[in-house]
Structure formats: structure tokens, C-alpha cells
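Source file: target-v4.pdb. Holds: PDB, C-alpha atoms.
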```pdb
ATOM      1  CA  MET H  17      20.504   5.869  -7.960
ATOM      2  CA  THR H  18      21.846   3.192  -5.670
ATOM      3  CA  SER H  19      19.502   0.949  -3.746
ATOM      4  CA  ARG H  20      19.057   1.914  -0.109
ATOM      5  CA  THR H  21      18.484  -0.345   2.850
ATOM      6  CA  LEU H  22      15.474   0.427   5.023
ATOM      7  CA  ASN H  23      16.498   1.533   8.507
ATOM      8  CA  PRO H  24      14.317  -0.608  10.810
ATOM      9  CA  ASP H  25      13.944   2.329  13.242
ATOM     10  CA  ALA H  26      11.447   3.815  10.761
ATOM     11  CA  GLU H  27       8.983   1.019  11.505
ATOM     12  CA  THR H  28       8.361   2.385  15.007
ATOM     13  CA  GLN H  29       6.268   5.542  15.029
ATOM     14  CA  PRO H  30       6.616   8.175  17.763
ATOM     15  CA  PRO H  31       3.782   8.495  20.307
ATOM     16  CA  PHE H  32       2.613  11.620  18.453
ATOM     17  CA  ALA H  33       1.495   9.489  15.480
ATOM     18  CA  GLU H  34      -0.845   7.568  17.761
ATOM     19  CA  LEU H  35      -2.062  10.789  19.371
ATOM     20  CA  ILE H  36      -3.278  12.218  16.056
ATOM     21  CA  GLY H  37      -4.476   8.794  14.887
ATOM     22  CA  MET H  38      -2.343   8.309  11.800
ATOM     23  CA  LYS H  39      -1.654   4.849  10.370
ATOM     24  CA  VAL H  40       1.296   4.074   8.076
ATOM     25  CA  THR H  41       0.100   1.820   5.262
ATOM     26  CA  HIS H  42       3.324   1.465   3.254
ATOM     27  CA  LEU H  43       6.951   2.016   4.254
ATOM     28  CA  SER H  44      10.000   1.872   2.008
ATOM     29  CA  THR H  45      13.045   4.045   1.344
ATOM     30  CA  GLU H  46      11.310   5.401  -1.792
ATOM     31  CA  ARG H  47       7.772   6.062  -0.572
ATOM     32  CA  ILE H  48       5.621   6.193   2.528
ATOM     33  CA  THR H  49       1.843   6.180   2.560
ATOM     34  CA  ALA H  50      -0.476   6.732   5.483
ATOM     35  CA  GLU H  51      -4.040   7.542   6.374
ATOM     36  CA  LEU H  52      -5.709   9.658   8.998
ATOM     37  CA  PHE H  53      -9.325   9.502  10.122
ATOM     38  CA  VAL H  54     -10.551  13.074  10.582
ATOM     39  CA  ARG H  55     -12.157  12.866  14.004
ATOM     40  CA  ASP H  56     -13.698  15.698  16.014
ATOM     41  CA  GLU H  57     -10.522  16.298  18.078
ATOM     42  CA  LEU H  58      -8.839  17.465  14.835
ATOM     43  CA  ASN H  59     -11.614  20.014  14.163
ATOM     44  CA  ASN H  60     -10.696  23.612  13.351
ATOM     45  CA  ARG H  61     -13.999  24.802  14.935
ATOM     46  CA  PHE H  62     -15.726  24.996  11.528
ATOM     47  CA  GLY H  63     -16.254  21.256  11.077
ATOM     48  CA  LEU H  64     -13.090  20.843   9.004
ATOM     49  CA  LEU H  65      -9.676  19.266   9.496
ATOM     50  CA  HIS H  66      -7.370  21.772  11.232
ATOM     51  CA  GLY H  67      -4.481  23.006   9.090
ATOM     52  CA  GLY H  68      -2.054  22.285  11.902
ATOM     53  CA  ALA H  69      -3.168  18.653  11.919
ATOM     54  CA  ILE H  70      -2.480  18.433   8.191
ATOM     55  CA  MET H  71       0.995  19.900   8.709
ATOM     56  CA  ALA H  72       1.705  17.590  11.648
ATOM     57  CA  PHE H  73       0.580  14.546   9.642
ATOM     58  CA  ALA H  74       2.958  15.446   6.804
ATOM     59  CA  ASP H  75       5.800  16.364   9.164
ATOM     60  CA  ASN H  76       5.649  12.984  10.854
ATOM     61  CA  LEU H  77       5.785  11.277   7.457
ATOM     62  CA  GLY H  78       8.759  13.341   6.279
ATOM     63  CA  GLY H  79      10.588  12.460   9.484
ATOM     64  CA  THR H  80       9.721   8.790   9.065
ATOM     65  CA  ALA H  81      10.872   8.856   5.438
ATOM     66  CA  THR H  82      14.193  10.357   6.466
ATOM     67  CA  VAL H  83      14.671   7.833   9.278
ATOM     68  CA  ALA H  84      13.976   5.066   6.748
ATOM     69  CA  ASN H  85      16.993   6.319   4.779
ATOM     70  CA  LEU H  86      19.387   6.992   7.674
ATOM     71  CA  PRO H  87      22.318   4.819   8.657
ATOM     72  CA  PRO H  88      21.882   2.989  11.990
ATOM     73  CA  GLY H  89      22.208   5.472  14.853
ATOM     74  CA  GLY H  90      21.475   8.482  12.630
ATOM     75  CA  ARG H  91      18.922  11.112  13.618
ATOM     76  CA  THR H  92      16.917  13.831  11.917
ATOM     77  CA  ALA H  93      14.919  16.986  12.563
ATOM     78  CA  THR H  94      12.727  19.168  10.379
ATOM     79  CA  ILE H  95      14.496  22.397   9.437
ATOM     80  CA  GLU H  96      11.931  23.786   6.955
ATOM     81  CA  SER H  97       8.355  23.047   5.976
ATOM     82  CA  LYS H  98       5.927  24.650   3.550
ATOM     83  CA  THR H  99       2.280  23.738   3.132
ATOM     84  CA  ASN H 100      -0.107  24.676   0.344
ATOM     85  CA  PHE H 101      -3.707  24.122   1.408
ATOM     86  CA  ILE H 102      -5.850  23.252  -1.603
ATOM     87  CA  ALA H 103      -9.176  21.815  -0.386
ATOM     88  CA  ALA H 104     -10.939  21.437   2.962
ATOM     89  CA  VAL H 105     -11.699  18.075   4.564
ATOM     90  CA  PRO H 106     -14.853  17.620   6.656
ATOM     91  CA  ILE H 107     -14.813  15.834   9.999
ATOM     92  CA  GLY H 108     -15.676  12.154   9.556
ATOM     93  CA  GLU H 109     -13.655  11.633   6.367
ATOM     94  CA  VAL H 110     -10.291   9.926   5.880
ATOM     95  CA  VAL H 111      -7.288  11.650   4.326
ATOM     96  CA  TYR H 112      -4.509   9.777   2.556
ATOM     97  CA  ALA H 113      -0.886  10.835   2.277
ATOM     98  CA  GLU H 114       1.959   9.853  -0.008
ATOM     99  CA  CYS H 115       5.463  11.056   0.881
ATOM    100  CA  THR H 116       8.193  10.824  -1.773
ATOM    101  CA  PRO H 117      11.765  12.138  -1.991
ATOM    102  CA  LEU H 118      12.771  15.214  -3.946
ATOM    103  CA  HIS H 119      16.361  15.001  -2.651
ATOM    104  CA  ARG H 120      18.168  12.490  -0.451
ATOM    105  CA  GLY H 121      21.608  13.889   0.266
ATOM    106  CA  ARG H 122      24.346  13.391   2.795
ATOM    107  CA  THR H 123      23.361  16.366   5.004
ATOM    108  CA  THR H 124      19.716  17.054   4.098
ATOM    109  CA  MET H 125      16.711  15.315   2.611
ATOM    110  CA  VAL H 126      13.720  17.011   0.991
ATOM    111  CA  TRP H 127      10.331  15.299   0.911
ATOM    112  CA  GLN H 128       7.037  16.108  -0.761
ATOM    113  CA  THR H 129       3.815  14.861   0.811
ATOM    114  CA  ARG H 130       0.570  14.878  -1.155
ATOM    115  CA  ILE H 131      -2.516  14.688   1.044
ATOM    116  CA  THR H 132      -5.740  13.735  -0.676
ATOM    117  CA  ARG H 133      -9.337  13.360   0.386
ATOM    118  CA  ALA H 134     -11.355  10.154   0.034
ATOM    119  CA  ASP H 135     -12.747  11.481  -3.268
ATOM    120  CA  GLY H 136      -9.185  11.775  -4.635
ATOM    121  CA  LYS H 137      -9.095  15.583  -4.588
ATOM    122  CA  LEU H 138      -5.799  17.122  -3.490
ATOM    123  CA  CYS H 139      -6.172  18.586  -0.002
ATOM    124  CA  ALA H 140      -2.618  19.816   0.664
ATOM    125  CA  LEU H 141       0.881  19.696  -0.738
ATOM    126  CA  VAL H 142       3.712  19.812   1.796
ATOM    127  CA  THR H 143       7.425  20.190   1.050
ATOM    128  CA  GLN H 144       9.849  19.790   3.921
ATOM    129  CA  THR H 145      13.568  19.666   4.498
ATOM    130  CA  GLN H 146      15.069  17.335   7.088
ATOM    131  CA  ILE H 147      18.595  17.662   8.432
ATOM    132  CA  VAL H 148      20.610  14.448   8.527
ATOM    133  CA  ILE H 149      22.446  14.062  11.830
ATOM    134  CA  ALA H 150      25.187  11.464  11.582
ATOM    135  CA  PRO H 151      25.575   8.770  14.247
ATOM    136  CA  GLU H 152      27.787   9.771  17.148
ATOM    137  CA  LYS H 153      31.220   8.203  17.102
ATOM    138  CA  ALA H 154      32.079   6.063  20.104
TER     139      ALA H 154
END
```

Please, can you express the file's structure as C-alpha cells?
Amino acid sequence: MTSRTLNPDAETQPPFAELIGMKVTHLSTERITAELFVRDELNNRFGLLHGGAIMAFADNLGGTATVANLPPGGRTATIESKTNFIAAVPIGEVVYAECTPLHRGRTTMVWQTRITRADGKLCALVTQTQIVIAPEKA
């Protein structure tokens, strides 16, 4: 596989990332890692991390991973996402995510995000497909 250049646009997270409280800890064209403190606002009413928050966390990472691999001016959007929930996460813990490519093509990219608890147990496995939208021609 040829080496890819990191698109600097990936270094800026959307406001949504700040809203949910996620922090990117590593960013490259091959892998993105992040963490999320499970605060009360992300509660599913049973004292656990809401499944939608898990999906949103992974979706933001898949989008960031795609942007990291886009040419300047390129855009992306999620066109498919599947989440397997494996283990619950109590409020007050931190979850960790690692997003890696399954496919990085010309028109789509597919990413897998593993979300683990602080004890290392797998919490969720998310696979998502991102469409690659080429830069507009001037």
C-alpha cells in the first residue's frame, strides 16, 4: 500500500466532539485513537453509557479517519454504520477507541472502531462506511 499524506483538516474536530467530550489521542492516516469520559449527561437512565453516545463517538472517529485520508478540499459523510454492543460501561469510567481502516478506496472508505472499557474489556465494535466526495472543480 502506498504511503498517504495526512490531510490537516482532520486535526480540527467538529463542535460535536467537544459536546460529547471526546478527546483524540492519536491521529494518522492508518489509525485514530480517542477517549471519552462517561459523564452523567451520557447516561442511558440506568447509570450506563447510552448506546447512541457510543455510536456517535465511533461515527465521529470514522469521519475523522476518512478526512485524514482525503485530498485537500474533499468531503465525506457516513452512508452506513453497524454497532455490536458487547459490554456496558458505568457512568464515571473512561472508554477508549481505536479506529482502523478495513478499506480505503476512491469512492468509499470502511472503518472499524473498537471501543474498550478502562479494564480492557471490549464494549462495542462499530463498522462504518464513509462516502468519499471529491473536491469541487473550480

- Query: If we count all atoms listed in the file, what is near Ala113 (chain H) at a cut-off of 6 Å, once residues fewer than 2 positions away on the same chain are taken out, given as a VMD selection string?
  - Reply: chain H and resid 49 to 50 130 to 131

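Selection result for the displayed file, with the PyMOL selection byres ((chain H and resi 138) around 10) as criterion, is Phe101, Ile102, Ala103, Ala104, Val111, Tyr112, Ala113, Arg130, Ile131, Thr132, Arg133, Ala134, Asp135, Gly136, Lys137, Cys139, Ala140 and Leu141 of chain H.
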
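The residue that comes closest to Leu43 (chain H), out of H:Leu118, H:Leu65, H:Ala81, H:Met71 and on the basis of only C-alpha atoms, is H:Ala81.
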
Padding 5 Å on each side, edges along x, y and z: where is the centre of the box around the listed atoms of region 68-85 of chain H, and how long are its edges in Å to one decimal? Output it as AutoDock Vina command-line options.
```
--center_x 6.9 --center_y 13.7 --center_z 8.3 --size_x 30.2 --size_y 27.2 --size_z 17.1
```

- Message: Need the shell around Glu27 (chain H): protein/DNA/RNA residues with any atom at most 9 Å away, counting all atoms listed in the file. Skip same-chain ones fewer than 6 positions apart. Format as a PyMOL selection string?
- Response: chain H and resi 40+43+80+84

I'd like to see the residues matched by the PyMOL selection byres ((chain H and resi 55-59) around 9) on this file, and ideally I'd get them as a PDB file with C-alpha atoms, keeping the file's coordinate frame.
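Written out: expr-v9.pdb:
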```
ATOM      1  CA  ILE H  36      -3.278  12.218  16.056  1.00  0.00           C
ATOM      2  CA  GLY H  37      -4.476   8.794  14.887  1.00  0.00           C
ATOM      3  CA  LEU H  52      -5.709   9.658   8.998  1.00  0.00           C
ATOM      4  CA  PHE H  53      -9.325   9.502  10.122  1.00  0.00           C
ATOM      5  CA  VAL H  54     -10.551  13.074  10.582  1.00  0.00           C
ATOM      6  CA  ASN H  60     -10.696  23.612  13.351  1.00  0.00           C
ATOM      7  CA  ARG H  61     -13.999  24.802  14.935  1.00  0.00           C
ATOM      8  CA  PHE H  62     -15.726  24.996  11.528  1.00  0.00           C
ATOM      9  CA  GLY H  63     -16.254  21.256  11.077  1.00  0.00           C
ATOM     10  CA  LEU H  64     -13.090  20.843   9.004  1.00  0.00           C
ATOM     11  CA  LEU H  65      -9.676  19.266   9.496  1.00  0.00           C
ATOM     12  CA  HIS H  66      -7.370  21.772  11.232  1.00  0.00           C
ATOM     13  CA  GLY H  68      -2.054  22.285  11.902  1.00  0.00           C
ATOM     14  CA  ALA H  69      -3.168  18.653  11.919  1.00  0.00           C
ATOM     15  CA  PRO H 106     -14.853  17.620   6.656  1.00  0.00           C
ATOM     16  CA  ILE H 107     -14.813  15.834   9.999  1.00  0.00           C
ATOM     17  CA  GLY H 108     -15.676  12.154   9.556  1.00  0.00           C
ATOM     18  CA  GLU H 109     -13.655  11.633   6.367  1.00  0.00           C
ATOM     19  CA  VAL H 110     -10.291   9.926   5.880  1.00  0.00           C
TER      20      VAL H 110
END
```

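Of the residues listed (H:Thr129, H:Asn85, H:Thr116, H:Asn76), H:Asn76 shows the shortest atom-to-atom separation from Pro30 (chain H); distances use all atoms listed in the file.
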
Hey, could you patch up region 143-154 of chain H with all heavy atoms and hand it over as a PDB file, in the coordinates of the input?
```pdb
ATOM      1  N   THR H 143       6.019  20.426   1.367  1.00  0.00           N
ATOM      2  CA  THR H 143       7.425  20.190   1.050  1.00  0.00           C
ATOM      3  C   THR H 143       8.216  20.500   2.304  1.00  0.00           C
ATOM      4  O   THR H 143       8.040  21.566   2.903  1.00  0.00           O
ATOM      5  CB  THR H 143       7.897  21.094  -0.109  1.00  0.00           C
ATOM      6  OG1 THR H 143       7.030  20.893  -1.222  1.00  0.00           O
ATOM      7  CG2 THR H 143       9.325  20.777  -0.492  1.00  0.00           C
ATOM      8  N   GLN H 144       9.075  19.564   2.708  1.00  0.00           N
ATOM      9  CA  GLN H 144       9.849  19.790   3.921  1.00  0.00           C
ATOM     10  C   GLN H 144      11.287  19.328   3.753  1.00  0.00           C
ATOM     11  O   GLN H 144      11.571  18.414   2.981  1.00  0.00           O
ATOM     12  CB  GLN H 144       9.211  19.137   5.126  1.00  0.00           C
ATOM     13  CG  GLN H 144       9.301  17.660   5.156  1.00  0.00           C
ATOM     14  CD  GLN H 144       8.737  17.088   6.443  1.00  0.00           C
ATOM     15  OE1 GLN H 144       9.102  16.000   6.782  1.00  0.00           O
ATOM     16  NE2 GLN H 144       7.890  17.772   7.161  1.00  0.00           N
ATOM     17  N   THR H 145      12.154  20.003   4.484  1.00  0.00           N
ATOM     18  CA  THR H 145      13.568  19.666   4.498  1.00  0.00           C
ATOM     19  C   THR H 145      13.919  19.117   5.868  1.00  0.00           C
ATOM     20  O   THR H 145      13.556  19.694   6.890  1.00  0.00           O
ATOM     21  CB  THR H 145      14.433  20.913   4.205  1.00  0.00           C
ATOM     22  OG1 THR H 145      13.997  21.484   2.970  1.00  0.00           O
ATOM     23  CG2 THR H 145      15.904  20.557   4.134  1.00  0.00           C
ATOM     24  N   GLN H 146      14.621  17.985   5.861  1.00  0.00           N
ATOM     25  CA  GLN H 146      15.069  17.335   7.088  1.00  0.00           C
ATOM     26  C   GLN H 146      16.601  17.383   7.119  1.00  0.00           C
ATOM     27  O   GLN H 146      17.251  17.097   6.119  1.00  0.00           O
ATOM     28  CB  GLN H 146      14.632  15.864   7.109  1.00  0.00           C
ATOM     29  CG  GLN H 146      13.133  15.642   7.131  1.00  0.00           C
ATOM     30  CD  GLN H 146      12.537  15.839   8.484  1.00  0.00           C
ATOM     31  OE1 GLN H 146      11.506  16.473   8.620  1.00  0.00           O
ATOM     32  NE2 GLN H 146      13.154  15.315   9.513  1.00  0.00           N
ATOM     33  N   ILE H 147      17.156  17.738   8.267  1.00  0.00           N
ATOM     34  CA  ILE H 147      18.595  17.662   8.432  1.00  0.00           C
ATOM     35  C   ILE H 147      18.961  16.216   8.753  1.00  0.00           C
ATOM     36  O   ILE H 147      18.213  15.514   9.419  1.00  0.00           O
ATOM     37  CB  ILE H 147      19.108  18.624   9.528  1.00  0.00           C
ATOM     38  CG1 ILE H 147      20.636  18.700   9.490  1.00  0.00           C
ATOM     39  CG2 ILE H 147      18.588  18.233  10.902  1.00  0.00           C
ATOM     40  CD1 ILE H 147      21.209  19.832  10.336  1.00  0.00           C
ATOM     41  N   VAL H 148      20.090  15.779   8.232  1.00  0.00           N
ATOM     42  CA  VAL H 148      20.610  14.448   8.527  1.00  0.00           C
ATOM     43  C   VAL H 148      21.697  14.604   9.573  1.00  0.00           C
ATOM     44  O   VAL H 148      22.699  15.291   9.342  1.00  0.00           O
ATOM     45  CB  VAL H 148      21.166  13.774   7.245  1.00  0.00           C
ATOM     46  CG1 VAL H 148      21.853  12.457   7.588  1.00  0.00           C
ATOM     47  CG2 VAL H 148      20.056  13.583   6.221  1.00  0.00           C
ATOM     48  N   ILE H 149      21.488  13.987  10.729  1.00  0.00           N
ATOM     49  CA  ILE H 149      22.446  14.062  11.830  1.00  0.00           C
ATOM     50  C   ILE H 149      23.143  12.712  11.917  1.00  0.00           C
ATOM     51  O   ILE H 149      22.499  11.693  12.202  1.00  0.00           O
ATOM     52  CB  ILE H 149      21.750  14.417  13.163  1.00  0.00           C
ATOM     53  CG1 ILE H 149      20.967  15.737  12.987  1.00  0.00           C
ATOM     54  CG2 ILE H 149      22.756  14.501  14.295  1.00  0.00           C
ATOM     55  CD1 ILE H 149      19.972  16.021  14.105  1.00  0.00           C
ATOM     56  N   ALA H 150      24.426  12.713  11.622  1.00  0.00           N
ATOM     57  CA  ALA H 150      25.187  11.464  11.582  1.00  0.00           C
ATOM     58  C   ALA H 150      25.249  10.801  12.955  1.00  0.00           C
ATOM     59  O   ALA H 150      25.153  11.473  13.994  1.00  0.00           O
ATOM     60  CB  ALA H 150      26.606  11.755  11.088  1.00  0.00           C
ATOM     61  N   PRO H 151      25.409   9.481  12.957  1.00  0.00           N
ATOM     62  CA  PRO H 151      25.575   8.770  14.247  1.00  0.00           C
ATOM     63  C   PRO H 151      26.777   9.307  15.001  1.00  0.00           C
ATOM     64  O   PRO H 151      27.784   9.700  14.396  1.00  0.00           O
ATOM     65  CB  PRO H 151      25.789   7.325  13.844  1.00  0.00           C
ATOM     66  CG  PRO H 151      25.357   7.225  12.427  1.00  0.00           C
ATOM     67  CD  PRO H 151      25.488   8.590  11.822  1.00  0.00           C
ATOM     68  N   GLU H 152      26.650   9.343  16.326  1.00  0.00           N
ATOM     69  CA  GLU H 152      27.787   9.771  17.148  1.00  0.00           C
ATOM     70  C   GLU H 152      28.857   8.707  17.141  1.00  0.00           C
ATOM     71  O   GLU H 152      28.563   7.505  17.185  1.00  0.00           O
ATOM     72  CB  GLU H 152      27.314  10.052  18.574  1.00  0.00           C
ATOM     73  CG  GLU H 152      26.401  11.253  18.652  1.00  0.00           C
ATOM     74  CD  GLU H 152      26.016  11.583  20.084  1.00  0.00           C
ATOM     75  OE1 GLU H 152      26.692  11.121  21.025  1.00  0.00           O
ATOM     76  OE2 GLU H 152      25.026  12.312  20.257  1.00  0.00           O
ATOM     77  N   LYS H 153      30.094   9.147  17.077  1.00  0.00           N
ATOM     78  CA  LYS H 153      31.220   8.203  17.102  1.00  0.00           C
ATOM     79  C   LYS H 153      31.544   7.822  18.538  1.00  0.00           C
ATOM     80  O   LYS H 153      31.546   8.664  19.416  1.00  0.00           O
ATOM     81  CB  LYS H 153      32.439   8.812  16.413  1.00  0.00           C
ATOM     82  CG  LYS H 153      32.167   9.042  14.939  1.00  0.00           C
ATOM     83  CD  LYS H 153      33.388   9.609  14.252  1.00  0.00           C
ATOM     84  CE  LYS H 153      33.037   9.816  12.788  1.00  0.00           C
ATOM     85  NZ  LYS H 153      34.100  10.359  12.025  1.00  0.00           N
ATOM     86  N   ALA H 154      31.799   6.551  18.744  1.00  0.00           N
ATOM     87  CA  ALA H 154      32.079   6.063  20.104  1.00  0.00           C
ATOM     88  C   ALA H 154      33.460   6.436  20.569  1.00  0.00           C
ATOM     89  O   ALA H 154      34.368   6.697  19.908  1.00  0.00           O
ATOM     90  CB  ALA H 154      31.912   4.557  20.152  1.00  0.00           C
TER      91      ALA H 154
END
```
